[in-house]
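Text of coords_22.cif, listed as mmCIF, C-alpha atoms:
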data_final
#
loop_
_atom_site.label_atom_id
_atom_site.label_comp_id
_atom_site.auth_asym_id
_atom_site.auth_seq_id
_atom_site.Cartn_x
_atom_site.Cartn_y
_atom_site.Cartn_z
CA MET A 1 92.11 95.49 117.70
CA ASN A 2 90.76 96.14 114.23
CA ALA A 3 92.83 95.13 111.23
CA ILE A 4 94.14 98.17 109.45
CA LYS A 5 93.61 98.50 105.72
CA LEU A 6 96.32 100.20 103.71
CA SER A 7 96.77 101.32 100.14
CA PHE A 8 100.26 101.70 98.71
CA SER A 9 101.60 104.16 96.16
CA SER A 10 104.81 105.84 95.11
CA ALA A 11 105.40 109.04 97.03
CA THR A 12 104.99 112.34 95.24
CA ALA A 13 106.17 115.84 96.08
CA GLU A 14 102.74 116.44 97.64
CA ASP A 15 103.59 113.76 100.25
CA ALA A 16 106.85 115.43 101.34
CA ALA A 17 105.51 117.47 104.28
CA ALA A 18 103.58 114.48 105.67
CA LEU A 19 106.65 112.25 105.31
CA VAL A 20 108.79 114.78 107.18
CA HIS A 21 106.17 114.88 109.93
CA LEU A 22 106.12 111.07 110.14
CA HIS A 23 109.94 110.75 110.28
CA LEU A 24 110.25 113.56 112.85
CA GLY A 25 107.62 111.88 115.04
CA VAL A 26 109.47 108.56 114.91
CA ALA A 27 112.84 110.24 115.63
CA HIS A 28 111.36 112.13 118.57
CA ASP A 29 109.74 108.96 119.98
CA LEU A 30 112.96 106.92 119.71
CA THR A 31 114.98 109.74 121.28
CA ARG A 32 112.48 110.04 124.13
CA ARG A 33 112.63 106.29 124.80
CA TYR A 34 116.33 105.55 124.15
CA GLY A 35 118.17 108.86 124.35
CA GLU A 36 120.15 110.64 121.66
CA GLY A 37 121.49 108.48 118.85
CA HIS A 38 121.72 108.32 115.08
CA TRP A 39 117.95 107.72 115.11
CA SER A 40 117.57 111.29 116.42
CA ARG A 41 118.52 112.89 113.11
CA MET A 42 115.97 115.29 111.74
CA ALA A 43 114.25 114.83 108.41
CA THR A 44 113.89 117.81 106.11
CA GLU A 45 111.53 118.47 103.26
CA LYS A 46 114.52 119.05 100.95
CA GLY A 47 115.92 115.61 101.87
CA VAL A 48 112.56 113.89 101.41
CA LEU A 49 112.06 115.55 98.01
CA ARG A 50 115.56 114.42 96.96
CA ARG A 51 114.77 110.82 97.97
CA ILE A 52 111.47 110.93 96.09
CA ALA A 53 113.33 112.12 92.97
CA ASP A 54 116.27 109.70 93.27
CA SER A 55 114.68 106.46 94.49
CA ARG A 56 111.42 104.60 94.94
CA VAL A 57 109.70 105.92 98.06
CA ILE A 58 106.53 104.01 98.90
CA VAL A 59 103.82 105.38 101.15
CA ALA A 60 101.08 103.44 102.88
CA HIS A 61 97.83 105.37 103.31
CA ASP A 62 95.26 104.32 105.89
CA GLU A 63 91.50 104.33 105.31
CA ASN A 64 91.45 108.08 106.15
CA ASP A 65 94.12 108.76 103.46
CA ARG A 66 96.77 109.60 106.09
CA ILE A 67 100.28 108.29 105.64
CA ALA A 68 100.61 105.41 108.08
CA GLY A 69 104.07 104.24 107.01
CA THR A 70 106.76 104.47 104.40
CA PHE A 71 109.93 102.87 103.07
CA GLU A 72 112.45 103.54 100.34
CA LEU A 73 114.01 101.12 97.86
CA VAL A 74 117.21 101.92 95.99
CA THR A 75 119.53 100.05 93.66
CA LYS A 76 122.63 102.05 94.60
CA LYS A 77 124.45 100.69 97.66
CA PRO A 78 124.02 103.01 100.67
CA TRP A 79 127.10 104.29 102.46
CA ALA A 80 126.67 102.08 105.55
CA ILE A 81 126.23 98.79 103.69
CA ASP A 82 129.21 96.49 103.28
CA ARG A 83 128.33 94.09 100.42
CA ALA A 84 130.80 91.49 101.76
CA TYR A 85 128.21 90.41 104.35
CA PHE A 86 125.39 89.71 101.88
CA THR A 87 124.63 86.89 99.46
CA PRO A 88 126.15 87.95 96.11
CA VAL A 89 123.39 88.67 93.60
CA LYS A 90 123.33 90.72 90.42
CA ARG A 91 120.23 92.78 91.30
CA PRO A 92 120.02 93.68 95.00
CA LEU A 93 117.65 96.30 96.36
CA TYR A 94 118.35 98.23 99.53
CA LEU A 95 115.57 99.07 101.95
CA LEU A 96 115.99 102.42 103.69
CA ASN A 97 114.06 104.84 105.87
CA MET A 98 111.24 102.50 106.86
CA ALA A 99 108.96 104.14 109.39
CA VAL A 100 105.50 103.64 110.87
CA ASP A 101 103.56 106.55 112.34
CA VAL A 102 104.05 106.35 116.12
CA PRO A 103 100.35 106.18 117.11
CA LEU A 104 99.86 103.29 114.66
CA GLN A 105 102.86 101.19 115.71
CA GLY A 106 102.14 97.68 116.94
CA ARG A 107 99.21 97.17 114.56
CA GLY A 108 100.99 95.15 111.85
CA ILE A 109 101.81 98.05 109.55
CA GLY A 110 105.53 97.25 109.54
CA ARG A 111 104.79 93.71 108.34
CA LEU A 112 102.51 95.08 105.63
CA LEU A 113 105.26 97.48 104.53
CA LEU A 114 107.74 94.60 104.23
CA ALA A 115 105.19 92.55 102.29
CA GLU A 116 104.80 95.47 99.90
CA ALA A 117 108.60 95.76 99.60
CA ALA A 118 108.68 92.05 98.67
CA ARG A 119 105.96 92.60 96.06
CA VAL A 120 107.89 95.53 94.57
CA ALA A 121 111.13 93.49 94.58
CA HIS A 122 109.44 90.65 92.66
CA ALA A 123 108.13 93.11 90.07
CA TRP A 124 111.38 95.13 89.82
CA PRO A 125 112.85 92.36 89.31
CA ALA A 126 115.35 92.19 92.14
CA GLN A 127 117.04 89.19 93.69
CA SER A 128 117.37 90.38 97.27
CA ILE A 129 116.41 93.08 99.71
CA CYS A 130 119.29 94.18 101.94
CA LEU A 131 119.12 96.52 104.91
CA ASP A 132 120.86 97.66 108.03
CA ALA A 133 119.40 98.34 111.46
CA TYR A 134 120.91 100.00 114.49
CA ASP A 135 122.53 97.39 116.71
CA ALA A 136 121.05 99.07 119.77
CA PRO A 137 117.81 98.92 121.76
CA ALA A 138 116.35 101.55 119.39
CA GLY A 139 117.09 99.31 116.40
CA ALA A 140 114.48 97.18 114.67
CA GLY A 141 116.64 94.11 114.11
CA GLY A 142 114.39 91.75 116.05
CA PHE A 143 111.44 92.94 114.00
CA TYR A 144 113.18 92.19 110.69
CA ALA A 145 114.21 88.74 111.93
CA SER A 146 110.62 88.00 112.97
CA CYS A 147 109.53 88.91 109.43
CA GLY A 148 111.82 86.37 107.79
CA TYR A 149 114.87 88.52 107.13
CA ARG A 150 118.12 86.69 107.77
CA GLU A 151 120.77 88.31 109.92
CA VAL A 152 124.03 88.27 107.96
CA GLY A 153 126.45 90.28 110.06
CA HIS A 154 127.38 93.08 112.42
CA LYS A 155 129.61 96.04 111.68
CA VAL A 156 130.51 99.36 113.25
CA TYR A 157 130.45 101.90 110.46
CA ARG A 158 131.68 105.45 111.22
CA GLY A 159 131.03 104.83 114.90
CA VAL A 160 127.51 103.46 114.35
CA PRO A 161 126.92 99.82 115.37
CA LEU A 162 124.83 98.12 112.70
CA VAL A 163 123.33 94.72 112.10
CA TYR A 164 122.74 93.62 108.49
CA TYR A 165 119.72 91.66 107.25
CA GLU A 166 118.74 90.27 103.88
CA TRP A 167 115.73 88.64 102.28
CA LEU A 168 116.29 86.63 99.12
CA VAL A 169 113.49 87.16 96.62
CA ASN A 170 113.83 83.68 95.13
CA PRO A 171 116.52 81.75 97.00
CA THR A 172 116.56 78.90 94.45
CA GLN A 173 117.61 81.15 91.56
CA GLU A 174 120.51 83.54 91.22
#
Reformat the file's structure so that it appears as structure tokens.
Amino acid sequence: MNAIKLSFSSATAEDAAALVHLHLGVAHDLTRRYGEGHWSRMATEKGVLRRIADSRVIVAHDENDRIAGTFELVTKKPWAIDRAYFTPVKRPLYLLNMAVDVPLQGRGIGRLLLAEAARVAHAWPAQSICLDAYDAPAGAGGFYASCGYREVGHKVYRGVPLVYYEWLVNPTQE
């Protein structure tokens, strides 16, 4: 399989429709494979535009300038995160809404997205990247663990079973 080459940039309003398409494709695929769940929620252009305005949404473009993947970084704690599970740091980032276009999954794009998140965290500067994943077969917890993220806890939040992961930007400094 050929190595995929990606370029990364901050999402713009012009990316919104393509991001909705990507997120809907992932939600449909997960629902088809695992049944209805919180992963089945539908993305909207209004929601994507709000995230682009309120946070740092990164897009990965392939060599044909199509969006191959995306993630979002925020400094404000998301509703489902319980800080008590994470290493206390002054400047955490939270990784949200990571997705890889379904036909491109399994080609290393997710790892490249996390490497870009680490690069952004170093430059921010942030001290950690925290995230949650569904604690279900549709969740990506095993993927995050295989990429060096440390599992720090499990919690059911508003009926949704979650597993928390963190990556410390520079574990020797606080």
What are the closest atom pairs, with distances in Å to one decimal, for each residue of segment 63-138 of chain A lying within 12 Å of segment 152-166 of chain A, using only C-alpha atoms, rows by chain and rising residue number, as a tab-separated table?
residue	atom	partner	partner_atom	distance
A:Pro78	CA	A:Tyr157	CA	11.8
A:Trp79	CA	A:Tyr157	CA	9.0
A:Ala80	CA	A:Tyr157	CA	6.2
A:Ile81	CA	A:Tyr164	CA	7.9
A:Asp82	CA	A:Lys155	CA	8.4
A:Arg83	CA	A:Tyr164	CA	9.8
A:Ala84	CA	A:Gly153	CA	9.4
A:Tyr85	CA	A:Val152	CA	5.9
A:Phe86	CA	A:Val152	CA	6.4
A:Thr87	CA	A:Glu166	CA	8.1
A:Pro88	CA	A:Glu166	CA	11.0
A:Val89	CA	A:Glu166	CA	11.4
A:Pro92	CA	A:Glu166	CA	9.6
A:Leu93	CA	A:Glu166	CA	9.7
A:Tyr94	CA	A:Glu166	CA	9.1
A:Leu95	CA	A:Glu166	CA	9.6
A:Leu96	CA	A:Tyr165	CA	11.9
A:Leu114	CA	A:Glu166	CA	11.8
A:Ala118	CA	A:Glu166	CA	11.5
A:Gln127	CA	A:Glu166	CA	10.4
A:Ser128	CA	A:Glu166	CA	6.8
A:Ile129	CA	A:Glu166	CA	5.5
A:Cys130	CA	A:Glu166	CA	4.4
A:Leu131	CA	A:Tyr165	CA	5.4
A:Asp132	CA	A:Tyr164	CA	4.5
A:Ala133	CA	A:Val163	CA	5.4
A:Tyr134	CA	A:Leu162	CA	4.7
A:Asp135	CA	A:Leu162	CA	4.7
A:Ala136	CA	A:Pro161	CA	7.4
A:Pro137	CA	A:Pro161	CA	11.2
A:Ala138	CA	A:Leu162	CA	11.3
Handout entry: Which residue of A:Met42, A:Ile109, A:Ala68, A:Met98 approaches Ala18 of chain A most closely, using all atoms listed in the file
Key = A:Ala68
Exercise for the section: Using atom CA of Ile4 of chain A and atom CA of Leu113 of chain A as the two end points, give the distance in Å to one decimal. Expected result: 12.2 Å
Exercise for the section: Return the single residue from A:Ile67, A:Val100, A:Ile52, A:Ala126 that is closest to Trp167 of chain A, with distances computed using only C-alpha atoms. Expected result: A:Ala126
When you look at Val48 of chain A with a cut-off of 10 Å (counting all atoms listed in the file), what residues show up, excluding the ones that are within fewer than 2 positions of it in the same chain? I need them as a PDB file with C-alpha atoms, in the coordinates of the input.
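What ended up in out-v6.pdb:
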ATOM      1  CA  ALA A  11     105.400 109.040  97.030  1.00  0.00           C
ATOM      2  CA  THR A  12     104.990 112.340  95.240  1.00  0.00           C
ATOM      3  CA  ALA A  13     106.170 115.840  96.080  1.00  0.00           C
ATOM      4  CA  ASP A  15     103.590 113.760 100.250  1.00  0.00           C
ATOM      5  CA  ALA A  16     106.850 115.430 101.340  1.00  0.00           C
ATOM      6  CA  ALA A  17     105.510 117.470 104.280  1.00  0.00           C
ATOM      7  CA  ALA A  18     103.580 114.480 105.670  1.00  0.00           C
ATOM      8  CA  LEU A  19     106.650 112.250 105.310  1.00  0.00           C
ATOM      9  CA  VAL A  20     108.790 114.780 107.180  1.00  0.00           C
ATOM     10  CA  HIS A  23     109.940 110.750 110.280  1.00  0.00           C
ATOM     11  CA  ALA A  43     114.250 114.830 108.410  1.00  0.00           C
ATOM     12  CA  THR A  44     113.890 117.810 106.110  1.00  0.00           C
ATOM     13  CA  GLU A  45     111.530 118.470 103.260  1.00  0.00           C
ATOM     14  CA  LYS A  46     114.520 119.050 100.950  1.00  0.00           C
ATOM     15  CA  ARG A  50     115.560 114.420  96.960  1.00  0.00           C
ATOM     16  CA  ARG A  51     114.770 110.820  97.970  1.00  0.00           C
ATOM     17  CA  ILE A  52     111.470 110.930  96.090  1.00  0.00           C
ATOM     18  CA  ALA A  53     113.330 112.120  92.970  1.00  0.00           C
ATOM     19  CA  ASP A  54     116.270 109.700  93.270  1.00  0.00           C
ATOM     20  CA  VAL A  57     109.700 105.920  98.060  1.00  0.00           C
TER      21      VAL A  57
END
Exercise for the section: Point out the residue among A:Asp62, A:Val26, A:Glu14, A:Val169 with the least atom-to-atom distance to Arg107 of chain A, counting all atoms listed in the file. Expected result: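 Of the candidates, the smallest distance to Arg107 of chain A is held by A:Asp62.
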Exercise for the section: For atom CA of Tyr144 of chain A and atom CA of Glu72 of chain A, determine how far apart the two atoms are, in Å to one decimal place. Expected result: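 Value for the atom CA of Tyr144 of chain A-atom CA of Glu72 of chain A distance: 15.4 Å.
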Problem - d(atom CA of Ala117 of chain A, atom CA of Gly139 of chain A) in Å - result: 19.2 Å
Got a minute to add N, CA and C atoms to segment 68-98 of chain A and dump it as an mmCIF file, in the coordinates of the input?
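Below you can see selection-v3.cif, which holds the result:
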data_model
loop_
_atom_site.group_PDB
_atom_site.id
_atom_site.type_symbol
_atom_site.label_atom_id
_atom_site.label_comp_id
_atom_site.auth_asym_id
_atom_site.auth_seq_id
_atom_site.Cartn_x
_atom_site.Cartn_y
_atom_site.Cartn_z
ATOM 1 N N ALA A 68 100.420 106.251 106.900
ATOM 2 C CA ALA A 68 100.610 105.410 108.080
ATOM 3 C C ALA A 68 102.032 104.878 108.169
ATOM 4 N N GLY A 69 102.708 104.771 107.034
ATOM 5 C CA GLY A 69 104.070 104.240 107.010
ATOM 6 C C GLY A 69 104.716 104.486 105.666
ATOM 7 N N THR A 70 106.005 104.218 105.615
ATOM 8 C CA THR A 70 106.760 104.470 104.400
ATOM 9 C C THR A 70 108.040 103.631 104.393
ATOM 10 N N PHE A 71 108.596 103.437 103.232
ATOM 11 C CA PHE A 71 109.930 102.870 103.070
ATOM 12 C C PHE A 71 110.474 103.335 101.734
ATOM 13 N N GLU A 72 111.764 103.140 101.564
ATOM 14 C CA GLU A 72 112.450 103.540 100.340
ATOM 15 C C GLU A 72 113.228 102.345 99.814
ATOM 16 N N LEU A 73 113.215 102.154 98.516
ATOM 17 C CA LEU A 73 114.010 101.120 97.860
ATOM 18 C C LEU A 73 114.951 101.794 96.861
ATOM 19 N N VAL A 74 116.219 101.372 96.904
ATOM 20 C CA VAL A 74 117.210 101.920 95.990
ATOM 21 C C VAL A 74 118.054 100.788 95.415
ATOM 22 N N THR A 75 118.623 101.024 94.256
ATOM 23 C CA THR A 75 119.530 100.050 93.660
ATOM 24 C C THR A 75 120.985 100.386 93.956
ATOM 25 N N LYS A 76 121.269 101.638 94.287
ATOM 26 C CA LYS A 76 122.630 102.050 94.600
ATOM 27 C C LYS A 76 122.932 101.735 96.064
ATOM 28 N N LYS A 77 124.062 101.093 96.312
ATOM 29 C CA LYS A 77 124.450 100.690 97.660
ATOM 30 C C LYS A 77 124.574 101.912 98.574
ATOM 31 N N PRO A 78 123.876 101.909 99.710
ATOM 32 C CA PRO A 78 124.020 103.010 100.670
ATOM 33 C C PRO A 78 125.394 103.005 101.339
ATOM 34 N N TRP A 79 125.765 104.124 101.881
ATOM 35 C CA TRP A 79 127.100 104.290 102.460
ATOM 36 C C TRP A 79 127.389 103.301 103.578
ATOM 37 N N ALA A 80 126.415 102.922 104.375
ATOM 38 C CA ALA A 80 126.670 102.080 105.550
ATOM 39 C C ALA A 80 126.641 100.582 105.257
ATOM 40 N N ILE A 81 126.329 100.211 104.045
ATOM 41 C CA ILE A 81 126.230 98.790 103.690
ATOM 42 C C ILE A 81 127.584 98.281 103.201
ATOM 43 N N ASP A 82 128.008 97.173 103.751
ATOM 44 C CA ASP A 82 129.210 96.490 103.280
ATOM 45 C C ASP A 82 128.747 95.219 102.573
ATOM 46 N N ARG A 83 128.840 95.200 101.239
ATOM 47 C CA ARG A 83 128.330 94.090 100.420
ATOM 48 C C ARG A 83 128.956 92.740 100.802
ATOM 49 N N ALA A 84 130.115 92.743 101.423
ATOM 50 C CA ALA A 84 130.800 91.490 101.760
ATOM 51 C C ALA A 84 129.965 90.610 102.689
ATOM 52 N N TYR A 85 129.024 91.177 103.400
ATOM 53 C CA TYR A 85 128.210 90.410 104.350
ATOM 54 C C TYR A 85 127.009 89.729 103.692
ATOM 55 N N PHE A 86 126.642 90.136 102.499
ATOM 56 C CA PHE A 86 125.390 89.710 101.880
ATOM 57 C C PHE A 86 125.625 88.632 100.819
ATOM 58 N N THR A 87 124.589 87.871 100.534
ATOM 59 C CA THR A 87 124.630 86.890 99.460
ATOM 60 C C THR A 87 124.886 87.646 98.150
ATOM 61 N N PRO A 88 125.894 87.245 97.365
ATOM 62 C CA PRO A 88 126.150 87.950 96.110
ATOM 63 C C PRO A 88 125.043 87.679 95.088
ATOM 64 N N VAL A 89 124.402 88.741 94.660
ATOM 65 C CA VAL A 89 123.390 88.670 93.600
ATOM 66 C C VAL A 89 123.635 89.823 92.641
ATOM 67 N N LYS A 90 123.124 89.680 91.433
ATOM 68 C CA LYS A 90 123.330 90.720 90.420
ATOM 69 C C LYS A 90 122.411 91.921 90.614
ATOM 70 N N ARG A 91 121.217 91.694 91.190
ATOM 71 C CA ARG A 91 120.230 92.780 91.300
ATOM 72 C C ARG A 91 119.702 92.916 92.732
ATOM 73 N N PRO A 92 120.529 93.450 93.656
ATOM 74 C CA PRO A 92 120.020 93.680 95.000
ATOM 75 C C PRO A 92 119.242 94.998 95.079
ATOM 76 N N LEU A 93 118.312 95.050 95.983
ATOM 77 C CA LEU A 93 117.650 96.300 96.360
ATOM 78 C C LEU A 93 118.026 96.572 97.806
ATOM 79 N N TYR A 94 118.036 97.836 98.161
ATOM 80 C CA TYR A 94 118.350 98.230 99.530
ATOM 81 C C TYR A 94 117.136 98.949 100.111
ATOM 82 N N LEU A 95 116.717 98.488 101.263
ATOM 83 C CA LEU A 95 115.570 99.070 101.950
ATOM 84 C C LEU A 95 116.083 100.105 102.952
ATOM 85 N N LEU A 96 115.564 101.306 102.847
ATOM 86 C CA LEU A 96 115.990 102.420 103.690
ATOM 87 C C LEU A 96 114.774 103.145 104.272
ATOM 88 N N ASN A 97 115.012 103.865 105.337
ATOM 89 C CA ASN A 97 114.060 104.840 105.870
ATOM 90 C C ASN A 97 112.655 104.292 106.100
ATOM 91 N N MET A 98 112.557 103.044 106.543
ATOM 92 C CA MET A 98 111.240 102.500 106.860
ATOM 93 C C MET A 98 110.765 103.112 108.173
#
